[in-house]
>>> print(open('protein.cif').read())   # mmCIF, C-alpha atoms
data_coords
#
loop_
_atom_site.label_atom_id
_atom_site.label_comp_id
_atom_site.auth_asym_id
_atom_site.auth_seq_id
_atom_site.Cartn_x
_atom_site.Cartn_y
_atom_site.Cartn_z
CA MET B 979 32.11 62.80 -38.29
CA ALA B 980 29.46 64.29 -35.99
CA THR B 981 30.56 66.22 -32.93
CA VAL B 982 29.69 64.95 -29.48
CA LEU B 983 29.62 66.91 -26.24
CA TYR B 984 30.38 65.71 -22.73
CA ASP B 985 29.36 67.87 -19.76
CA ASP B 986 31.53 68.06 -16.69
CA GLU B 987 29.04 67.38 -13.91
CA PRO B 988 30.13 69.74 -11.08
CA SER B 989 31.35 72.72 -13.05
CA PHE B 990 29.25 72.77 -16.22
CA ARG B 991 26.11 70.65 -16.07
CA THR B 992 25.11 71.44 -12.46
CA PRO B 993 25.64 75.24 -12.67
CA ARG B 994 23.73 75.34 -15.96
CA LEU B 995 20.78 73.47 -14.48
CA GLN B 996 20.98 75.73 -11.41
CA ALA B 997 20.84 78.77 -13.69
CA ILE B 998 17.65 77.43 -15.31
CA GLU B 999 16.20 76.79 -11.85
CA GLN B 1000 17.14 80.32 -10.74
CA CYS B 1001 15.28 81.71 -13.74
CA ARG B 1002 12.24 79.60 -12.82
CA GLN B 1003 12.40 80.92 -9.25
CA ALA B 1004 12.74 84.46 -10.59
CA PHE B 1005 9.60 84.03 -12.71
CA ILE B 1006 7.66 82.78 -9.69
CA GLY B 1007 9.08 85.56 -7.49
CA ALA B 1008 8.31 88.27 -10.04
CA SER B 1009 4.71 87.15 -10.44
CA ARG B 1010 4.20 87.43 -6.66
CA CYS B 1011 5.44 91.01 -6.52
CA VAL B 1012 2.93 93.76 -5.97
CA ARG B 1013 5.20 96.53 -7.19
CA GLY B 1014 7.76 96.33 -9.97
CA ALA B 1015 6.61 92.90 -11.14
CA GLU B 1016 6.97 93.74 -14.82
CA GLN B 1017 10.51 95.11 -14.42
CA ARG B 1018 11.59 92.06 -12.44
CA LEU B 1019 9.96 89.74 -14.90
CA ARG B 1020 11.59 91.55 -17.82
CA ALA B 1021 15.05 91.16 -16.25
CA ALA B 1022 14.40 87.47 -15.59
CA ILE B 1023 13.14 86.98 -19.15
CA ASP B 1024 16.31 88.61 -20.55
CA ASP B 1025 18.48 86.25 -18.50
CA TYR B 1026 16.42 83.25 -19.55
CA ALA B 1027 16.46 84.27 -23.22
CA ALA B 1028 20.26 84.52 -23.11
CA LEU B 1029 20.45 81.12 -21.43
CA GLU B 1030 18.28 79.59 -24.14
CA ALA B 1031 20.29 81.35 -26.85
CA LEU B 1032 23.46 79.82 -25.45
CA GLY B 1033 21.82 76.38 -25.53
CA LYS B 1034 20.72 76.90 -29.13
CA GLU B 1035 24.22 78.03 -30.10
CA VAL B 1036 25.71 74.90 -28.53
CA GLU B 1037 23.22 72.81 -30.51
CA ARG B 1038 24.09 74.65 -33.74
CA ARG B 1039 27.81 74.23 -33.23
CA LEU B 1040 27.33 70.55 -32.47
CA ARG B 1041 25.51 70.13 -35.77
CA GLU B 1042 28.09 72.15 -37.71
CA SER B 1043 31.16 70.85 -35.82
CA SER B 1044 32.34 74.41 -35.34
CA PHE B 1045 33.35 74.59 -31.67
CA HIS B 1046 36.99 75.05 -32.64
CA GLU B 1047 36.02 78.32 -34.37
CA LEU B 1048 34.96 79.87 -31.06
CA PRO B 1049 37.36 82.45 -29.60
CA GLY B 1050 40.09 81.14 -27.33
CA MET B 1051 41.31 82.09 -23.86
CA VAL B 1052 44.53 83.67 -22.68
CA ASP B 1053 46.27 83.67 -19.32
CA GLY B 1054 48.54 86.69 -19.39
CA ARG B 1055 50.41 86.13 -22.66
CA GLU B 1056 49.99 82.37 -22.70
CA ARG B 1057 47.18 80.89 -24.75
CA LEU B 1058 45.20 78.13 -23.04
CA HIS B 1059 45.35 75.51 -25.78
CA GLY B 1060 42.16 73.69 -26.69
CA LEU B 1061 39.97 75.99 -24.58
CA HIS B 1062 37.25 78.05 -26.25
CA TYR B 1063 34.41 80.08 -24.82
CA LEU B 1064 30.86 80.92 -25.80
CA GLU B 1065 29.15 83.92 -24.24
CA GLN B 1066 25.51 84.94 -24.38
CA GLY B 1067 24.30 87.79 -22.18
CA PRO B 1068 25.54 87.18 -18.64
CA TRP B 1069 26.29 83.49 -19.26
CA ARG B 1070 29.53 81.88 -20.40
CA GLY B 1071 30.44 78.31 -21.25
CA VAL B 1072 34.07 77.20 -21.53
CA PHE B 1073 34.77 74.18 -23.70
CA LEU B 1074 37.75 71.91 -24.23
CA VAL B 1075 37.79 71.08 -27.93
CA SER B 1076 39.78 68.31 -29.58
CA ALA B 1077 42.15 69.20 -32.41
CA ASP B 1078 39.76 67.91 -35.09
CA GLY B 1079 36.78 69.60 -33.39
CA THR B 1080 34.69 66.44 -33.07
CA GLN B 1081 35.03 65.93 -29.31
CA VAL B 1082 33.95 68.68 -26.94
CA VAL B 1083 33.92 68.81 -23.16
CA GLY B 1084 31.90 71.47 -21.35
CA LEU B 1085 34.32 72.39 -18.56
CA LEU B 1086 32.93 75.51 -16.93
CA PHE B 1087 29.61 77.33 -16.93
CA SER B 1088 29.28 80.65 -15.15
CA ARG B 1089 27.36 83.84 -14.81
CA GLN B 1090 29.00 87.27 -14.79
CA PRO B 1091 31.36 88.08 -13.18
CA HIS B 1092 33.18 85.11 -14.67
CA ALA B 1093 36.35 85.55 -12.65
CA LEU B 1094 36.47 82.59 -10.29
CA ASP B 1095 38.37 84.51 -7.62
CA VAL B 1096 35.12 86.30 -6.74
CA ARG B 1097 33.10 83.07 -6.81
CA LEU B 1098 35.18 80.80 -4.60
CA ASP B 1099 32.13 79.73 -2.58
CA GLU B 1100 30.56 78.25 -5.72
CA ILE B 1101 33.66 76.20 -6.45
CA ALA B 1102 33.86 75.06 -2.84
CA ASN B 1103 30.21 73.99 -2.89
CA ALA B 1104 30.64 72.14 -6.16
CA TYR B 1105 33.68 70.23 -4.91
CA ARG B 1106 32.74 69.45 -1.32
CA ARG B 1107 33.47 65.81 -0.65
CA ARG B 1108 30.57 63.57 -1.43
CA PRO B 1109 30.45 59.94 -0.29
CA GLY B 1110 31.35 57.39 -2.95
CA ARG B 1111 33.42 59.68 -5.14
CA ALA B 1112 36.32 58.12 -7.02
CA ASP B 1113 38.94 60.41 -5.47
CA ASP B 1114 37.69 59.49 -1.96
CA ASP B 1115 38.35 55.83 -2.73
CA ALA B 1116 41.78 56.67 -4.11
CA SER B 1117 42.74 58.62 -0.99
CA THR B 1118 41.95 55.66 1.30
CA ARG B 1119 44.18 53.23 -0.59
CA MET N 613 37.57 122.14 -22.33
CA ALA N 614 41.29 121.58 -22.71
CA ILE N 615 43.92 122.69 -25.24
CA LEU N 616 46.29 119.94 -26.30
CA LYS N 617 49.92 120.62 -27.07
CA ARG N 618 51.10 119.78 -30.57
CA VAL N 619 53.23 116.87 -29.42
CA LEU N 620 50.16 115.27 -27.83
CA LEU N 621 48.01 115.97 -30.87
CA ASP N 622 50.56 114.28 -33.11
CA ARG N 623 50.49 111.21 -30.90
CA LEU N 624 46.69 111.06 -31.00
CA GLY N 625 46.63 111.08 -34.79
CA GLU N 626 44.02 113.02 -36.72
CA ILE N 627 42.10 115.57 -34.70
CA GLN N 628 38.90 114.25 -33.23
CA ASN N 629 35.98 115.91 -31.52
CA LYS N 630 35.50 113.05 -29.13
CA PHE N 631 38.02 111.50 -26.80
CA SER N 632 37.83 108.81 -24.20
CA GLY N 633 40.06 108.98 -21.17
CA ALA N 634 41.04 107.32 -17.93
CA ALA N 635 42.63 108.88 -14.87
CA LEU N 636 45.07 106.63 -13.04
CA GLU N 637 46.01 107.51 -9.50
CA PHE N 638 48.84 105.54 -7.94
CA ALA N 639 49.09 104.78 -4.24
CA SER N 640 52.02 107.21 -4.01
CA GLY N 641 49.72 110.05 -5.08
CA GLN N 642 51.07 110.44 -8.62
CA ALA N 643 48.41 110.62 -11.27
CA LEU N 644 48.34 109.93 -15.00
CA LEU N 645 45.75 110.74 -17.61
CA LEU N 646 45.26 108.38 -20.53
CA LEU N 647 43.62 109.90 -23.57
CA SER N 648 42.46 108.16 -26.72
CA PRO N 649 40.69 109.46 -29.84
CA ASP N 650 37.16 108.17 -30.34
CA SER N 651 37.77 104.73 -31.80
CA SER N 652 34.28 104.31 -33.29
CA SER N 653 35.01 106.87 -36.03
CA ARG N 654 37.80 104.59 -37.25
CA GLY N 655 35.46 101.61 -37.48
CA ASN N 656 37.05 100.12 -34.37
CA ASN N 657 34.50 99.70 -31.60
CA PHE N 658 36.59 97.65 -29.21
CA PRO N 659 36.49 99.26 -25.77
CA ILE N 660 39.69 99.91 -23.81
CA ARG N 661 39.57 98.69 -20.23
CA VAL N 662 41.80 99.92 -17.45
CA ARG N 663 42.00 97.70 -14.38
CA GLN N 664 43.82 98.46 -11.13
CA LEU N 665 45.60 95.27 -10.07
CA ALA N 666 47.39 96.76 -7.07
CA GLY N 667 48.14 100.19 -5.61
CA ASN N 668 50.88 100.89 -8.15
CA ARG N 669 49.87 98.49 -10.89
CA PHE N 670 47.36 99.00 -13.70
CA GLU N 671 46.48 96.88 -16.68
CA ILE N 672 45.27 98.36 -19.96
CA GLU N 673 43.41 95.95 -22.16
CA LEU N 674 41.86 96.29 -25.59
CA ASP N 675 38.71 94.20 -25.75
CA SER N 676 38.15 92.30 -28.95
CA ASP N 677 36.05 89.48 -30.27
CA GLU N 678 39.10 87.32 -30.26
CA GLU N 679 40.76 85.75 -27.25
CA GLN N 680 39.47 86.41 -23.75
CA VAL N 681 41.93 87.14 -20.96
CA VAL N 682 41.06 85.17 -17.85
CA ASP N 683 42.03 85.82 -14.25
CA GLU N 684 44.68 83.67 -12.58
CA VAL N 685 42.26 81.58 -10.52
CA THR N 686 40.10 80.75 -13.54
CA ALA N 687 43.21 79.91 -15.59
CA ALA N 688 44.48 77.61 -12.82
CA PHE N 689 41.05 76.01 -12.52
CA LEU N 690 40.81 75.38 -16.28
CA ARG N 691 44.33 73.95 -16.41
CA LEU N 692 43.46 71.64 -13.52
CA LYS N 693 40.28 70.55 -15.30
CA ARG N 694 42.20 69.87 -18.51
CA ASP N 695 44.76 67.87 -16.57
CA GLN N 696 42.01 65.88 -14.81
CA PHE N 697 40.40 65.18 -18.17
CA GLN N 698 43.68 63.84 -19.54
CA ARG N 699 43.94 61.54 -16.51
CA GLY N 700 40.30 60.41 -16.80
CA LEU N 701 39.27 61.95 -13.48
CA LEU N 702 36.38 64.17 -14.62
CA GLU N 703 32.77 63.30 -13.85
CA LEU N 704 31.43 63.45 -17.38
CA SER N 705 27.95 63.01 -18.78
CA PRO N 706 27.41 60.43 -21.53
CA PRO N 707 28.29 61.73 -25.02
CA GLN N 708 25.55 63.94 -26.43
CA SER N 709 24.81 64.56 -30.09
CA ALA N 710 23.03 67.75 -31.18
CA ASP N 711 19.66 65.98 -30.98
CA ALA N 712 20.37 64.56 -27.52
CA TRP N 713 21.52 68.00 -26.29
CA CYS N 714 18.36 69.61 -27.69
CA GLU N 715 16.13 66.97 -26.08
CA ALA N 716 17.86 67.34 -22.70
CA ALA N 717 17.63 71.14 -22.95
CA ASN N 718 13.90 70.96 -23.65
CA ALA N 719 13.38 68.68 -20.65
CA ALA N 720 15.48 70.94 -18.42
CA THR N 721 13.60 74.10 -19.36
CA ARG N 722 10.07 72.64 -19.26
CA ASP N 723 9.35 73.78 -15.69
CA ALA N 724 10.91 77.19 -16.30
CA ASP N 725 8.81 77.63 -19.45
CA ALA N 726 5.67 76.79 -17.48
CA ALA N 727 6.65 79.22 -14.71
CA LEU N 728 7.29 81.92 -17.30
CA ASP N 729 3.89 81.38 -18.95
CA SER N 730 2.19 81.53 -15.56
CA ALA N 731 4.10 84.67 -14.55
CA LEU N 732 3.27 86.41 -17.82
CA GLN N 733 -0.41 85.63 -17.36
CA ARG N 734 -0.40 86.93 -13.79
CA VAL N 735 1.64 90.06 -14.39
CA THR N 736 -0.10 91.10 -17.56
CA ALA N 737 -3.52 90.25 -16.10
CA LYS N 738 -3.06 92.39 -12.94
CA PRO N 739 -3.38 95.85 -14.50
CA ARG N 740 -6.35 94.73 -16.59
CA LYS N 741 -8.22 93.48 -13.51
CA LYS N 742 -7.59 96.73 -11.68
CA ALA N 743 -8.84 98.76 -14.63
CA VAL N 744 -12.03 96.72 -14.80
CA ARG N 745 -12.66 97.17 -11.07
CA LYS N 746 -12.21 100.92 -11.30
CA ARG N 747 -14.65 101.22 -14.12
CA GLY N 748 -17.34 99.42 -12.13
CA GLU N 749 -20.49 98.43 -14.00
CA THR N 750 -19.30 99.55 -17.38
CA ALA N 751 -16.91 96.57 -17.43
CA GLU N 752 -19.79 94.14 -17.13
CA ARG N 753 -21.82 95.54 -19.98
CA PRO N 754 -20.08 93.77 -22.88
CA PRO N 755 -20.80 90.25 -21.57
CA ARG N 756 -24.51 91.12 -21.14
CA SER N 757 -24.76 92.31 -24.72
CA ASN N 758 -23.01 89.11 -25.84
CA ASP N 759 -25.54 86.95 -23.97
CA ALA N 760 -28.39 88.76 -25.62
#
>>> encode(input="protein.cif", output="structure tokens")
Amino acid sequence: MATVLYDDEPSFRTPRLQAIEQCRQAFIGASRCVRGAEQRLRAAIDDYAALEALGKEVERRLRESSFHELPGMVDGRERLHGLHYLEQGPWRGVFLVSADGTQVVGLLFSRQPHALDVRLDEIANAYRRRPGRADDDASTR
Amino acid sequence: MAILKRVLLDRLGEIQNKFSGAALEFASGQALLLLSPDSSSRGNNFPIRVRQLAGNRFEIELDSDEEQVVDEVTAAFLRLKRDQFQRGLLELSPPQSADAWCEAANAATRDADAALDSALQRVTAKPRKKAVRKRGETAERPPRSNDA
């Protein structure tokens, strides 16, 4: 059975698309520089290459149904069951993988440092109340 | 250079030329020195990380390719996400196969690819233009010979 992937919109899909957009902006910014353009461009290319490599690895693991072989995550001494991570360069994707490995949910995408306690503003921005969200409707019942 | 006492040498195992160390200084002023033989010579390249969690609290961690230790906020966030998934509260994309993921990735990176191509042309072209300007007329000679 082929593996399928679902992206969580606010914490995986949106940050990943933002990362691609940041790379695009970095390319434009680097090309406008008078001094140090090559160094800036090289750094941006490295980030972008890692981002693409992560995407390719996701594609490969989808084809091979091998997400459950990715390393897991630990909180203190407790293992976070079903959660696996994939890291390429500064980027990390965290996935919730079903027991048989055929269903995968992209839960969290981040850039180093991955610790969320130093990136609270990003979480707050991703979860600011938007009109028409399901939890808004639930809270008014 | 330092001379190690035998009891310390025994603890460190076989004698090594290289050591890695970490100095821990507690808020009270007490200090400790951690010393480890060079792990690469034993075919073990996992780095040892020492993190200060509080004034009198340190955490020593051996990095490996295996499980990744996450901070408390990230762990709480991931547990919450897993719980929301179980209750059907996540905003999920439609299911994507490998082909669909690849197609979406290509579409998402199209603009970035174009920006990269443009930037490479500009950045690599700049030094060449300057060199041609400095050389003056000599730079224009090759085209003339081509026309002829």
>>> interface_residues(input="protein.cif", of="chain B", to="chain N", cutoff="7 Å", atoms="only C-alpha atoms", output="JSON list (two decimals) with C-alpha atoms, keeping the file's coordinate frame")
[["chain", "number", "residue", "atom", "x", "y", "z"],
["B", 981, "THR", "CA", 30.56, 66.22, -32.93],
["B", 982, "VAL", "CA", 29.69, 64.95, -29.48],
["B", 983, "LEU", "CA", 29.62, 66.91, -26.24],
["B", 984, "TYR", "CA", 30.38, 65.71, -22.73],
["B", 985, "ASP", "CA", 29.36, 67.87, -19.76],
["B", 986, "ASP", "CA", 31.53, 68.06, -16.69],
["B", 987, "GLU", "CA", 29.04, 67.38, -13.91],
["B", 998, "ILE", "CA", 17.65, 77.43, -15.31],
["B", 999, "GLU", "CA", 16.20, 76.79, -11.85],
["B", 1001, "CYS", "CA", 15.28, 81.71, -13.74],
["B", 1002, "ARG", "CA", 12.24, 79.60, -12.82],
["B", 1005, "PHE", "CA", 9.60, 84.03, -12.71],
["B", 1006, "ILE", "CA", 7.66, 82.78, -9.69],
["B", 1009, "SER", "CA", 4.71, 87.15, -10.44],
["B", 1015, "ALA", "CA", 6.61, 92.90, -11.14],
["B", 1016, "GLU", "CA", 6.97, 93.74, -14.82],
["B", 1037, "GLU", "CA", 23.22, 72.81, -30.51],
["B", 1040, "LEU", "CA", 27.33, 70.55, -32.47],
["B", 1041, "ARG", "CA", 25.51, 70.13, -35.77],
["B", 1049, "PRO", "CA", 37.36, 82.45, -29.60],
["B", 1050, "GLY", "CA", 40.09, 81.14, -27.33],
["B", 1051, "MET", "CA", 41.31, 82.09, -23.86],
["B", 1052, "VAL", "CA", 44.53, 83.67, -22.68],
["B", 1053, "ASP", "CA", 46.27, 83.67, -19.32],
["B", 1054, "GLY", "CA", 48.54, 86.69, -19.39],
["B", 1093, "ALA", "CA", 36.35, 85.55, -12.65],
["B", 1094, "LEU", "CA", 36.47, 82.59, -10.29],
["B", 1095, "ASP", "CA", 38.37, 84.51, -7.62]]
>>> residues_around(input="protein.cif", residues="Ala1031 in chain B", least_positions_apart="3", cutoff="10 Å", atoms="all atoms listed in the file", output="VMD selection string")
chain B and resid 1025 to 1028 1034 to 1037 1065 to 1067 1069
>>> closest_residue(input="protein.cif", among="N:Ala716, N:Ile672, N:Asp622, N:Leu646", to="Arg991 in chain B", atoms="only C-alpha atoms")
N:Ala716
>>> atom_distance(input="protein.cif", atom1="CA of Tyr1063 in chain B", atom2="CA of Glu1100 in chain B")
19.6 Å
>>> atom_distance(input="protein.cif", atom1="CA of Ser989 in chain B", atom2="CA of Ile1101 in chain B")
7.8 Å
>>> atom_distance(input="protein.cif", atom1="CA of Phe670 in chain N", atom2="CA of Gly633 in chain N")
14.4 Å
>>> residues_near_point(input="protein.cif", point="(34.7, 74.8, -16.1)", cutoff="6 Å", atoms="only C-alpha atoms", output="ChimeraX atom specification")
/B:989-990,1072,1085-1087
>>> write_last_selection(input="protein.cif", atoms="C-alpha atoms", output="short mmCIF file (atom, residue, chain, number, x, y, z; two decimals), keeping the file's coordinate frame")
data_model
loop_
_atom_site.label_atom_id
_atom_site.label_comp_id
_atom_site.auth_asym_id
_atom_site.auth_seq_id
_atom_site.Cartn_x
_atom_site.Cartn_y
_atom_site.Cartn_z
CA SER B 989 31.35 72.72 -13.05
CA PHE B 990 29.25 72.77 -16.22
CA VAL B 1072 34.07 77.20 -21.53
CA LEU B 1085 34.32 72.39 -18.56
CA LEU B 1086 32.93 75.51 -16.93
CA PHE B 1087 29.61 77.33 -16.93
#
>>> closest_residue(input="protein.cif", among="N:Pro649, N:Val662, N:Glu671, N:Gln696", to="Lys630 in chain N", atoms="only C-alpha atoms")
N:Pro649
>>> axis_aligned_box(input="protein.cif", around="range 1025-1035 of chain B", padding_each_side="8 Å", output="lines of an AutoDock Vina configuration file")
center_x = 20.3
center_y = 81.3
center_z = -24.3
size_x = 23.8
size_y = 25.9
size_z = 27.6
